[in-house]
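Q: Contents of data12.cif (mmCIF, C-alpha atoms) are below:
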```cif
data_coords
#
loop_
_atom_site.group_PDB
_atom_site.id
_atom_site.type_symbol
_atom_site.label_atom_id
_atom_site.label_comp_id
_atom_site.auth_asym_id
_atom_site.auth_seq_id
_atom_site.Cartn_x
_atom_site.Cartn_y
_atom_site.Cartn_z
ATOM 1 C CA MET A 1 0.000 0.000 0.000
ATOM 2 C CA GLU A 2 1.363 3.375 -0.999
ATOM 3 C CA PRO A 3 0.550 6.626 0.796
ATOM 4 C CA LEU A 4 -1.370 9.464 -0.790
ATOM 5 C CA ARG A 5 1.110 12.169 -1.757
ATOM 6 C CA HIS A 6 0.062 15.796 -1.704
ATOM 7 C CA CYS A 7 2.549 18.402 -2.936
ATOM 8 C CA PHE A 8 2.262 22.170 -2.977
ATOM 9 C CA ALA A 9 4.483 25.236 -2.840
ATOM 10 C CA ALA A 10 4.579 27.749 -0.002
ATOM 11 C CA MET A 11 7.118 29.479 2.216
ATOM 12 C CA SER A 12 9.504 29.651 -0.759
ATOM 13 C CA CYS A 13 9.961 25.891 -0.978
ATOM 14 C CA ALA A 14 8.337 22.652 -2.102
ATOM 15 C CA LEU A 15 6.165 20.988 0.535
ATOM 16 C CA GLU A 16 5.015 17.380 0.595
ATOM 17 C CA LEU A 17 2.600 15.310 2.663
ATOM 18 C CA GLN A 18 2.521 11.507 2.625
ATOM 19 C CA VAL A 19 -0.621 10.108 4.229
ATOM 20 C CA PHE A 20 -1.821 6.549 4.803
ATOM 21 C CA ALA A 21 -5.600 6.909 5.063
ATOM 22 C CA PRO A 22 -8.720 6.372 2.938
ATOM 23 C CA ALA A 23 -8.512 8.623 -0.121
ATOM 24 C CA GLU A 24 -11.342 10.981 0.815
ATOM 25 C CA LEU A 25 -10.140 11.404 4.379
ATOM 26 C CA ALA A 26 -6.537 11.934 3.281
ATOM 27 C CA ALA A 27 -7.540 14.507 0.662
ATOM 28 C CA ARG A 28 -9.641 16.431 3.187
ATOM 29 C CA ALA A 29 -6.816 16.423 5.723
ATOM 30 C CA CYS A 30 -4.291 17.606 3.136
ATOM 31 C CA ARG A 31 -6.544 20.488 2.096
ATOM 32 C CA ALA A 32 -6.818 21.542 5.743
ATOM 33 C CA VAL A 33 -3.022 21.432 6.086
ATOM 34 C CA GLU A 34 -2.484 23.502 2.960
ATOM 35 C CA ASP A 35 -4.938 26.128 4.218
ATOM 36 C CA GLU A 36 -3.158 26.241 7.581
ATOM 37 C CA VAL A 37 0.286 26.617 6.019
ATOM 38 C CA ARG A 38 -0.893 29.500 3.871
ATOM 39 C CA ARG A 39 -2.430 31.133 6.958
ATOM 40 C CA ILE A 40 0.876 30.885 8.819
ATOM 41 C CA GLU A 41 2.813 32.236 5.836
ATOM 42 C CA ALA A 42 0.450 35.185 5.440
ATOM 43 C CA LYS A 43 0.699 35.969 9.142
ATOM 44 C CA TYR A 44 4.459 35.692 9.668
ATOM 45 C CA SER A 45 6.122 36.379 6.305
ATOM 46 C CA ARG A 46 8.678 39.173 6.499
ATOM 47 C CA TYR A 47 8.086 39.851 2.804
ATOM 48 C CA ARG A 48 4.468 40.936 3.240
ATOM 49 C CA ALA A 49 3.695 44.428 4.466
ATOM 50 C CA ASP A 50 0.252 43.233 5.561
ATOM 51 C CA SER A 51 1.578 40.364 7.715
ATOM 52 C CA LEU A 52 1.822 40.647 11.483
ATOM 53 C CA VAL A 53 5.620 40.622 11.231
ATOM 54 C CA GLY A 54 5.407 43.333 8.581
ATOM 55 C CA ARG A 55 3.282 45.508 10.860
ATOM 56 C CA ILE A 56 5.608 44.970 13.824
ATOM 57 C CA ASN A 57 8.630 45.927 11.740
ATOM 58 C CA ALA A 58 6.877 48.938 10.216
ATOM 59 C CA ALA A 59 6.262 50.213 13.750
ATOM 60 C CA ALA A 60 9.969 50.149 14.676
ATOM 61 C CA GLY A 61 10.913 53.329 16.488
ATOM 62 C CA GLY A 62 7.295 53.918 17.434
ATOM 63 C CA ALA A 63 4.488 52.363 19.438
ATOM 64 C CA ALA A 64 4.419 48.721 20.532
ATOM 65 C CA VAL A 65 2.131 46.277 18.710
ATOM 66 C CA ALA A 66 -0.280 43.884 20.417
ATOM 67 C CA VAL A 67 -0.048 40.227 19.401
ATOM 68 C CA ASP A 68 -2.239 37.175 19.918
ATOM 69 C CA GLU A 69 -1.544 34.072 22.025
ATOM 70 C CA GLU A 70 -0.122 32.093 19.087
ATOM 71 C CA THR A 71 2.453 34.782 18.353
ATOM 72 C CA ALA A 72 3.186 35.287 22.043
ATOM 73 C CA ALA A 73 4.078 31.599 22.342
ATOM 74 C CA LEU A 74 6.485 31.895 19.393
ATOM 75 C CA LEU A 75 8.079 35.006 20.877
ATOM 76 C CA ASP A 76 8.500 33.275 24.240
ATOM 77 C CA PHE A 77 10.157 30.364 22.447
ATOM 78 C CA ALA A 78 12.437 32.801 20.618
ATOM 79 C CA ALA A 79 13.393 34.316 23.980
ATOM 80 C CA THR A 80 14.298 30.851 25.288
ATOM 81 C CA CYS A 81 16.387 30.146 22.178
ATOM 82 C CA HIS A 82 18.217 33.442 22.592
ATOM 83 C CA ARG A 83 18.991 32.746 26.227
ATOM 84 C CA THR A 84 20.109 29.127 25.813
ATOM 85 C CA SER A 85 22.229 29.890 22.720
ATOM 86 C CA GLY A 86 24.186 32.668 24.396
ATOM 87 C CA GLY A 87 22.652 35.232 22.073
ATOM 88 C CA LEU A 88 23.428 33.399 18.827
ATOM 89 C CA PHE A 89 19.774 32.670 18.015
ATOM 90 C CA ASP A 90 18.302 36.146 17.727
ATOM 91 C CA ILE A 91 15.154 36.947 15.749
ATOM 92 C CA THR A 92 16.252 40.599 15.501
ATOM 93 C CA SER A 93 19.297 39.650 13.414
ATOM 94 C CA GLY A 94 17.371 40.077 10.165
ATOM 95 C CA ALA A 95 18.809 43.578 9.947
ATOM 96 C CA LEU A 96 22.042 41.947 8.789
ATOM 97 C CA ARG A 97 20.331 41.196 5.461
ATOM 98 C CA GLN A 98 20.702 44.890 4.710
ATOM 99 C CA ALA A 99 24.477 44.403 4.787
ATOM 100 C CA TRP A 100 24.706 40.876 3.364
ATOM 101 C CA LYS A 101 23.176 40.816 -0.123
ATOM 102 C CA PHE A 102 24.290 37.383 -1.302
ATOM 103 C CA GLU A 103 22.767 37.807 -4.733
ATOM 104 C CA THR A 104 25.302 40.576 -5.506
ATOM 105 C CA GLY A 105 28.366 38.454 -4.764
ATOM 106 C CA ARG A 106 29.865 41.399 -2.887
ATOM 107 C CA LEU A 107 31.155 41.332 0.677
ATOM 108 C CA PRO A 108 29.766 44.050 2.935
ATOM 109 C CA THR A 109 32.033 46.693 4.347
ATOM 110 C CA ALA A 110 32.884 46.869 8.034
ATOM 111 C CA GLU A 111 30.808 50.041 8.223
ATOM 112 C CA GLU A 112 27.753 48.314 6.733
ATOM 113 C CA ILE A 113 28.023 45.458 9.203
ATOM 114 C CA ALA A 114 28.470 47.837 12.127
ATOM 115 C CA ALA A 115 25.419 49.852 11.060
ATOM 116 C CA ALA A 116 23.302 46.681 10.875
ATOM 117 C CA ARG A 117 24.567 45.329 14.198
ATOM 118 C CA ALA A 118 23.597 48.564 15.911
ATOM 119 C CA ARG A 119 19.959 47.611 15.226
ATOM 120 C CA ILE A 120 20.295 44.033 16.458
ATOM 121 C CA GLY A 121 19.733 42.593 19.894
ATOM 122 C CA TRP A 122 16.962 40.786 21.738
ATOM 123 C CA ASP A 123 17.949 42.877 24.753
ATOM 124 C CA LYS A 124 16.954 46.003 22.802
ATOM 125 C CA LEU A 125 13.519 44.600 21.984
ATOM 126 C CA ARG A 126 10.635 45.292 24.346
ATOM 127 C CA TRP A 127 8.532 42.176 24.900
ATOM 128 C CA GLU A 128 5.901 41.969 27.591
ATOM 129 C CA ALA A 129 2.914 40.000 26.404
ATOM 130 C CA PRO A 130 0.831 40.987 24.585
ATOM 131 C CA LEU A 131 2.956 43.976 23.494
ATOM 132 C CA ILE A 132 6.117 43.869 21.409
ATOM 133 C CA GLY A 133 8.056 47.019 20.617
ATOM 134 C CA LEU A 134 11.125 47.728 18.489
ATOM 135 C CA PRO A 135 12.537 50.932 19.969
ATOM 136 C CA LEU A 136 15.070 51.740 17.242
ATOM 137 C CA PRO A 137 14.121 52.797 13.705
ATOM 138 C CA GLY A 138 15.268 50.115 11.294
ATOM 139 C CA MET A 139 14.998 47.285 13.811
ATOM 140 C CA GLU A 140 13.070 44.237 12.688
ATOM 141 C CA ILE A 141 12.149 40.749 13.715
ATOM 142 C CA ASP A 142 12.391 37.745 11.432
ATOM 143 C CA LEU A 143 10.556 34.535 12.315
ATOM 144 C CA SER A 144 11.761 32.611 9.260
ATOM 145 C CA GLY A 145 14.034 30.557 11.515
ATOM 146 C CA LEU A 146 10.920 29.267 13.281
ATOM 147 C CA GLY A 147 8.074 29.572 10.787
ATOM 148 C CA LYS A 148 8.597 26.528 8.564
ATOM 149 C CA GLU A 149 9.230 24.252 11.542
ATOM 150 C CA TYR A 150 6.178 25.612 13.338
ATOM 151 C CA ALA A 151 4.113 25.036 10.200
ATOM 152 C CA ALA A 152 5.349 21.430 10.017
ATOM 153 C CA ASP A 153 4.233 20.835 13.599
ATOM 154 C CA ARG A 154 0.846 22.405 12.920
ATOM 155 C CA ALA A 155 0.505 20.236 9.810
ATOM 156 C CA ALA A 156 1.212 17.081 11.816
ATOM 157 C CA ALA A 157 -1.278 18.134 14.497
ATOM 158 C CA LEU A 158 -3.972 18.725 11.886
ATOM 159 C CA LEU A 159 -3.326 15.372 10.240
ATOM 160 C CA LEU A 160 -3.690 13.656 13.609
ATOM 161 C CA ALA A 161 -6.870 15.616 14.307
ATOM 162 C CA HIS A 162 -8.273 14.244 11.039
ATOM 163 C CA GLY A 163 -7.432 10.692 12.081
ATOM 164 C CA CYS A 164 -4.260 10.333 9.991
ATOM 165 C CA SER A 165 -1.965 8.573 12.454
ATOM 166 C CA ALA A 166 0.473 7.347 9.797
ATOM 167 C CA ALA A 167 1.650 10.429 7.931
ATOM 168 C CA LEU A 168 4.842 12.269 7.098
ATOM 169 C CA VAL A 169 5.222 16.025 6.648
ATOM 170 C CA ASN A 170 8.244 17.235 4.677
ATOM 171 C CA PHE A 171 8.543 20.989 4.424
ATOM 172 C CA GLY A 172 11.778 21.578 2.576
ATOM 173 C CA GLY A 173 13.731 19.187 4.784
ATOM 174 C CA ASP A 174 11.898 20.025 7.996
ATOM 175 C CA VAL A 175 10.151 16.743 8.696
ATOM 176 C CA CYS A 176 7.457 15.670 11.132
ATOM 177 C CA ALA A 177 5.916 12.211 11.485
ATOM 178 C CA THR A 178 2.562 11.619 13.162
ATOM 179 C CA GLY A 179 3.512 7.980 13.683
ATOM 180 C CA PRO A 180 5.154 5.064 11.880
ATOM 181 C CA ARG A 181 3.902 3.531 8.665
ATOM 182 C CA PRO A 182 0.857 1.228 8.995
ATOM 183 C CA ASP A 183 3.049 -1.883 9.305
ATOM 184 C CA GLY A 184 4.938 -0.301 12.205
ATOM 185 C CA THR A 185 8.123 0.389 10.252
ATOM 186 C CA PRO A 186 9.653 3.860 10.387
ATOM 187 C CA TRP A 187 9.724 6.408 7.634
ATOM 188 C CA GLN A 188 13.097 6.689 5.920
ATOM 189 C CA VAL A 189 14.430 10.240 5.736
ATOM 190 C CA GLY A 190 17.379 11.000 3.479
ATOM 191 C CA ILE A 191 19.891 13.575 4.757
ATOM 192 C CA ARG A 192 21.625 15.544 2.030
ATOM 193 C CA HIS A 193 25.416 15.364 1.952
ATOM 194 C CA PRO A 194 26.653 18.935 2.483
ATOM 195 C CA ARG A 195 29.702 18.547 0.252
ATOM 196 C CA ARG A 196 28.604 16.106 -2.463
ATOM 197 C CA PRO A 197 25.682 17.348 -4.546
ATOM 198 C CA GLY A 198 23.178 14.626 -5.312
ATOM 199 C CA GLU A 199 24.472 12.292 -2.577
ATOM 200 C CA LEU A 200 23.082 11.446 0.837
ATOM 201 C CA LEU A 201 25.037 11.718 4.063
ATOM 202 C CA ALA A 202 22.768 9.114 5.653
ATOM 203 C CA THR A 203 19.252 7.703 5.622
ATOM 204 C CA LEU A 204 17.605 7.961 9.022
ATOM 205 C CA PRO A 205 14.528 6.103 10.283
ATOM 206 C CA LEU A 206 11.838 8.253 11.895
ATOM 207 C CA HIS A 207 8.909 6.800 13.833
ATOM 208 C CA ARG A 208 7.356 10.011 15.134
ATOM 209 C CA GLY A 209 8.291 13.541 16.124
ATOM 210 C CA GLY A 210 10.220 16.255 14.355
ATOM 211 C CA LEU A 211 13.493 16.100 12.460
ATOM 212 C CA ALA A 212 15.207 19.196 11.093
ATOM 213 C CA THR A 213 18.441 19.860 9.257
ATOM 214 C CA SER A 214 20.450 23.051 8.964
ATOM 215 C CA GLY A 215 23.442 23.364 6.654
ATOM 216 C CA ASP A 216 25.894 25.834 5.178
ATOM 217 C CA TYR A 217 25.061 24.724 1.624
ATOM 218 C CA GLU A 218 21.551 26.137 1.359
ATOM 219 C CA ARG A 219 22.370 29.704 0.346
ATOM 220 C CA GLY A 220 25.449 31.866 0.252
ATOM 221 C CA MET A 221 28.212 32.995 -2.040
ATOM 222 C CA THR A 222 31.860 32.349 -2.816
ATOM 223 C CA VAL A 223 34.249 35.294 -2.919
ATOM 224 C CA GLY A 224 37.973 34.899 -3.537
ATOM 225 C CA GLY A 225 37.654 31.147 -3.250
ATOM 226 C CA ARG A 226 36.049 31.370 0.205
ATOM 227 C CA ARG A 227 32.521 30.232 0.927
ATOM 228 C CA TYR A 228 30.216 32.532 2.918
ATOM 229 C CA GLY A 229 27.085 30.787 4.157
ATOM 230 C CA HIS A 230 23.689 32.356 4.823
ATOM 231 C CA LEU A 231 23.614 31.711 8.589
ATOM 232 C CA LEU A 232 24.780 34.989 10.105
ATOM 233 C CA ASN A 233 26.214 35.290 13.607
ATOM 234 C CA PRO A 234 24.495 38.305 15.208
ATOM 235 C CA LEU A 235 27.386 38.762 17.653
ATOM 236 C CA THR A 236 29.930 39.298 14.870
ATOM 237 C CA GLY A 237 27.798 40.194 11.850
ATOM 238 C CA TRP A 238 29.615 37.565 9.771
ATOM 239 C CA PRO A 239 28.541 34.113 8.557
ATOM 240 C CA ALA A 240 29.013 31.317 11.049
ATOM 241 C CA GLU A 241 31.886 28.983 10.188
ATOM 242 C CA GLY A 242 32.959 25.580 11.399
ATOM 243 C CA MET A 243 29.903 23.390 10.747
ATOM 244 C CA ALA A 244 28.709 21.858 7.483
ATOM 245 C CA CYS A 245 25.356 20.464 8.627
ATOM 246 C CA ALA A 246 23.392 19.368 11.655
ATOM 247 C CA THR A 247 20.310 17.141 11.831
ATOM 248 C CA VAL A 248 18.421 16.918 15.118
ATOM 249 C CA LEU A 249 15.424 14.892 16.326
ATOM 250 C CA ALA A 250 13.040 16.243 18.957
ATOM 251 C CA ASP A 251 9.428 15.893 20.008
ATOM 252 C CA THR A 252 8.579 18.821 17.722
ATOM 253 C CA CYS A 253 10.083 20.117 14.529
ATOM 254 C CA LEU A 254 10.231 23.588 16.108
ATOM 255 C CA VAL A 255 12.639 22.409 18.804
ATOM 256 C CA ALA A 256 14.623 20.248 16.373
ATOM 257 C CA GLY A 257 15.071 23.166 13.980
ATOM 258 C CA ALA A 258 16.152 25.560 16.717
ATOM 259 C CA LEU A 259 18.774 23.106 17.994
ATOM 260 C CA ALA A 260 20.087 22.447 14.476
ATOM 261 C CA SER A 261 20.347 26.191 13.778
ATOM 262 C CA CYS A 262 22.063 26.829 17.113
ATOM 263 C CA ALA A 263 24.592 24.095 16.353
ATOM 264 C CA MET A 264 25.446 25.786 13.059
ATOM 265 C CA LEU A 265 25.682 29.216 14.705
ATOM 266 C CA HIS A 266 28.077 27.840 17.334
ATOM 267 C CA GLY A 267 30.528 27.284 14.489
ATOM 268 C CA ALA A 268 33.559 25.277 15.541
ATOM 269 C CA GLY A 269 31.791 24.540 18.828
ATOM 270 C CA GLY A 270 28.744 23.083 17.093
ATOM 271 C CA LEU A 271 29.543 19.426 17.749
ATOM 272 C CA ASP A 272 30.172 20.170 21.434
ATOM 273 C CA PHE A 273 26.858 22.035 21.583
ATOM 274 C CA LEU A 274 25.021 19.051 20.125
ATOM 275 C CA ALA A 275 26.793 16.648 22.466
ATOM 276 C CA GLY A 276 25.500 18.666 25.389
ATOM 277 C CA CYS A 277 21.940 19.303 24.218
ATOM 278 C CA GLY A 278 20.647 15.824 24.985
ATOM 279 C CA ALA A 279 18.809 15.276 21.693
ATOM 280 C CA PRO A 280 19.646 12.618 19.070
ATOM 281 C CA TYR A 281 21.593 14.115 16.192
ATOM 282 C CA LEU A 282 23.791 13.531 13.163
ATOM 283 C CA ALA A 283 26.248 16.265 12.180
ATOM 284 C CA MET A 284 29.324 17.066 10.149
ATOM 285 C CA ASP A 285 31.806 19.832 10.845
ATOM 286 C CA ALA A 286 33.488 21.929 8.168
ATOM 287 C CA ASN A 287 36.487 19.584 8.118
ATOM 288 C CA GLY A 288 34.335 16.558 7.308
ATOM 289 C CA GLY A 289 34.290 15.122 10.811
ATOM 290 C CA CYS A 290 31.031 13.335 11.645
ATOM 291 C CA ALA A 291 29.383 12.794 14.999
ATOM 292 C CA ALA A 292 26.076 11.202 15.983
ATOM 293 C CA ARG A 293 23.956 10.283 18.964
ATOM 294 C CA ASP A 294 21.331 7.622 18.481
ATOM 295 C CA GLY A 295 17.892 7.734 20.009
ATOM 296 C CA ASP A 296 14.390 6.387 19.527
ATOM 297 C CA GLY A 297 13.441 7.261 15.988
ATOM 298 C CA LEU A 298 16.848 8.612 14.950
ATOM 299 C CA ALA A 299 19.410 5.860 14.556
ATOM 300 C CA ALA A 300 21.548 5.789 11.462
ATOM 301 C CA THR A 301 21.927 2.233 10.263
ATOM 302 C CA ALA A 302 25.392 0.791 10.497
ATOM 303 C CA ASP A 303 25.715 0.908 6.730
ATOM 304 C CA ALA A 304 24.523 4.518 6.564
ATOM 305 C CA ARG A 305 26.882 5.616 9.318
ATOM 306 C CA MET A 306 29.845 3.896 7.701
ATOM 307 C CA GLY A 307 28.926 5.408 4.352
ATOM 308 C CA ALA A 308 28.693 8.832 5.910
ATOM 309 C CA CYS A 309 31.771 8.767 8.084
ATOM 310 C CA GLN A 310 34.424 6.685 6.405
ATOM 311 C CA PRO A 311 35.064 9.163 3.564
ATOM 312 C CA CYS A 312 35.244 11.944 6.158
ATOM 313 C CA SER A 313 37.907 10.213 8.292
ATOM 314 C CA CYS A 314 35.813 10.627 11.416
#
```
If you convert what's in this file into structure tokens, what do you get?
A:
Amino acid sequence: MEPLRHCFAAMSCALELQVFAPAELAARACRAVEDEVRRIEAKYSRYRADSLVGRINAAAGGAAVAVDEETAALLDFAATCHRTSGGLFDITSGALRQAWKFETGRLPTAEEIAAARARIGWDKLRWEAPLIGLPLPGMEIDLSGLGKEYAADRAAALLLAHGCSAALVNFGGDVCATGPRPDGTPWQVGIRHPRRPGELLATLPLHRGGLATSGDYERGMTVGGRRYGHLLNPLTGWPAEGMACATVLADTCLVAGALASCAMLHGAGGLDFLAGCGAPYLAMDANGGCAARDGDGLAATADARMGACQPCSC
């Protein structure tokens, strides 16, 4: 028996649902998920002036904006991420995009980075539910580091609410499983090799929960033979270096994605960060060294681990 596959585009990527359920039920559940994803995108997209994020950013330097309970929960989670990452995970760091324009292939000047960093800092933001205020003109928040993972969790919750207990959500590599396949076997999730286009680093079994991957290969530019990735360290204003990719499993995709992003932002300390976070993971540093911790639902097979690590001399 093959699952119903439902594909659509949103949040600037290809999204896919795989659902084991009667056709009519599966189709109805998938339509509900697609509606929910588009609601989340419309609400939190930084590219839309009419989104909640757009209105918050437009009010920078002025009055605080009231938010609802859903947004308050995301902001509280962002505060936790900022605190536990030592300031590396900071939703105000979007101002650095004004300095780093990767499509131009040009490195920003020190002055441009300094000007952007002056408008960055969770400590500058005023957050006391339900009001959020950006005191400095030009400040902004960016929830893109949370939005796709949050949408994946909401999709999984909706599928379960519709009675789809064997389903897989794949939102551009952010994955959430409502439960194993009908025969009890796990879903198989391929992890892209960060240095070999078209190859997999490993194939990981996932029974339920969220799995997210962050890597330095997604966007960026090469200048003078040096690669500059898209993950920007708000404490320095420069791209984080030292990690190639990190895949993390957690109860929710939101938590998994935050941990994977934090590992990348820790740079050379990323593997140590993952070792201390307590969650199952698979990661590679910039030198090709691999590390993994197994756990329920995330256990690279022996063959996959050997295939991933032997060429990397780890």
Q: State, in Å with one decimal place, the distance from atom CA of Leu160 of chain A to atom CA of Glu2 of chain A.
A: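 Distance reported for this atom pair: 18.6 Å.
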Q: Would you kindly translate the PyMOL selection byres ((chain A and resi 175-192) around 8) into the concrete residues it picks from this file, as a ChimeraX atom specification?
A: /A:20,152-153,156-157,159-160,164-174,193-194,197-213,247,252-253,297
Q: Using the file's own x, y and z axes, what box holds all listed atoms of segment 71-77 of chain A with 3 Å on each side, keeping edges along x, y and z, and what are its centre and edge lengths in Å to one decimal, as JSON?
A:
```
{"center_x": 6.3, "center_y": 32.8, "center_z": 21.3, "size_x": 13.7, "size_y": 10.9, "size_z": 11.9}
```
Q: Between atom CA of Gly278 of chain A and atom CA of Glu69 of chain A, what is the spacing in Å?
A: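 Separation of atom CA of Glu69 of chain A and atom CA of Gly278 of chain A: 28.9 Å.
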Q: Using the chain letters and numbering of this document, enumerate as a list in words the residues selected by the PyMOL selection byres ((chain A and resi 106) around 12).
A: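 So the PyMOL selection byres ((chain A and resi 106) around 12) ends up selecting Ala99, Trp100, Lys101, Phe102, Glu103, Thr104, Gly105, Leu107, Pro108, Thr109, Gly220, Met221, Thr222, Val223, Gly224 and Tyr228 of chain A.
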Q: Check the smallest atom-to-atom distance from each of A:Gly61, A:Gly94, A:Gly86, A:Pro280 to Tyr47 of chain A using all atoms listed in the file, then report the winner.
A: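 Nearest to Tyr47 of chain A: A:Gly94.
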Q: Please indicate the distance in Å from atom CA of Leu96 of chain A to atom CA of Ile120 of chain A, rounded to one decimal place.
A: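 The value is 8.1 Å.
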Q: Please determine, counting only C-alpha atoms, which residue among A:Gly62, A:Gly270, A:Pro22, A:Gly229 has the shortest atom-to-atom distance to Ile132 of chain A.
A: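 Closest residue, counting only C-alpha atoms: A:Gly62.
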Q: Around the point (20.9, 35.2, 23.4), in the coordinates given by the file, pick out the residues reaching within 12 Å, counting all atoms listed in the file, and return them as a PyMOL selection string.
A: chain A and resi 77-93+120-124+233-235+262+265-266
Q: Name the residues that the PyMOL selection byres ((chain A and resi 144) around 8) picks from the file above, as a list in words, using the file's chain letters and numbers.
A: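 Checked against the file, the PyMOL selection byres ((chain A and resi 144) around 8) matches Tyr44, Ser45, Arg46, Asp142, Leu143, Gly145, Leu146, Gly147 and Lys148 of chain A.
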Q: Within 8 Å of His162 of chain A, counting only C-alpha atoms, which residues show up once you throw out same-chain ones fewer than 3 positions away? Write them as a VMD selection string, please.
A: chain A and resid 25 29 158 to 159
Q: Please determine, counting all atoms listed in the file, which residue among A:Met139, A:Val255, A:Ala155, A:Met264 has the shortest atom-to-atom distance to Ala116 of chain A.
A: A:Met139
Q: Point out the residue among A:Glu41, A:Ala32, A:Gly225, A:Cys245 with the least atom-to-atom distance to Ser12 of chain A, counting only C-alpha atoms.
A: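 Selected residue with least distance to Ser12 of chain A: A:Glu41.
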Q: So which one's closest to Ser261 of chain A, A:Gly215, A:Gly163, A:Pro135, A:Gly289? Using only C-alpha atoms, please.
A: A:Gly215
Q: Nearest residue to Pro137 of chain A out of A:Ala268, A:His230, A:Ile56, A:Ala161, using all atoms listed in the file?
A: A:Ile56
Q: Applying 7 Å and all atoms listed in the file, which residues near Leu282 of chain A remain after dropping the ones on its own chain fewer than 4 positions away? List them as a PDB file with C-alpha atoms, keeping the file's coordinate frame.
A:
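Okay, this is what ended up in part-v1.pdb:
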```
ATOM      1  CA  ALA A 246      23.392  19.368  11.655  1.00  0.00           C
ATOM      2  CA  THR A 247      20.310  17.141  11.831  1.00  0.00           C
ATOM      3  CA  VAL A 248      18.421  16.918  15.118  1.00  0.00           C
ATOM      4  CA  ALA A 291      29.383  12.794  14.999  1.00  0.00           C
ATOM      5  CA  ALA A 292      26.076  11.202  15.983  1.00  0.00           C
ATOM      6  CA  ARG A 293      23.956  10.283  18.964  1.00  0.00           C
TER       7      ARG A 293
END
```
Q: So that I can check the surroundings of Phe8 of chain A, please list as an MDAnalysis selection string every protein, DNA and RNA residue that reaches within 12 Å of it, counting all atoms listed in the file and ignoring chain neighbours fewer than 3 positions away.
A: chainID A and resid 5 11:17 30:31 33:35 37:38 169:172
Q: Would you fill out segment 64-77 of chain A with N, CA and C atoms and return it as a CSV table (one decimal), keeping the file's coordinate frame?
A:
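The new file part_19.csv reads:
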```csv
chain,number,residue,atom,x,y,z
A,64,ALA,N,4.4,50.2,20.5
A,64,ALA,CA,4.4,48.7,20.5
A,64,ALA,C,3.2,48.2,19.8
A,65,VAL,N,3.2,46.9,19.4
A,65,VAL,CA,2.1,46.3,18.7
A,65,VAL,C,1.6,45.1,19.6
A,66,ALA,N,0.3,45.0,19.7
A,66,ALA,CA,-0.3,43.9,20.4
A,66,ALA,C,-0.3,42.6,19.5
A,67,VAL,N,0.0,41.5,20.1
A,67,VAL,CA,0.0,40.2,19.4
A,67,VAL,C,-1.0,39.2,20.1
A,68,ASP,N,-1.3,38.2,19.4
A,68,ASP,CA,-2.2,37.2,19.9
A,68,ASP,C,-1.5,36.1,20.7
A,69,GLU,N,-2.2,35.1,21.2
A,69,GLU,CA,-1.5,34.1,22.0
A,69,GLU,C,-0.6,33.2,21.2
A,70,GLU,N,-1.0,32.9,20.0
A,70,GLU,CA,-0.1,32.1,19.1
A,70,GLU,C,1.2,32.8,18.9
A,71,THR,N,1.2,34.0,18.6
A,71,THR,CA,2.5,34.8,18.4
A,71,THR,C,3.2,34.9,19.7
A,72,ALA,N,2.5,35.2,20.7
A,72,ALA,CA,3.2,35.3,22.0
A,72,ALA,C,4.0,34.0,22.4
A,73,ALA,N,3.4,32.9,22.1
A,73,ALA,CA,4.1,31.6,22.3
A,73,ALA,C,5.3,31.5,21.5
A,74,LEU,N,5.3,31.9,20.2
A,74,LEU,CA,6.5,31.9,19.4
A,74,LEU,C,7.5,32.9,19.9
A,75,LEU,N,7.1,34.0,20.4
A,75,LEU,CA,8.1,35.0,20.9
A,75,LEU,C,8.7,34.5,22.2
A,76,ASP,N,7.9,33.9,23.0
A,76,ASP,CA,8.5,33.3,24.2
A,76,ASP,C,9.5,32.2,23.9
A,77,PHE,N,9.2,31.4,22.9
A,77,PHE,CA,10.2,30.4,22.4
A,77,PHE,C,11.4,31.0,21.9
```
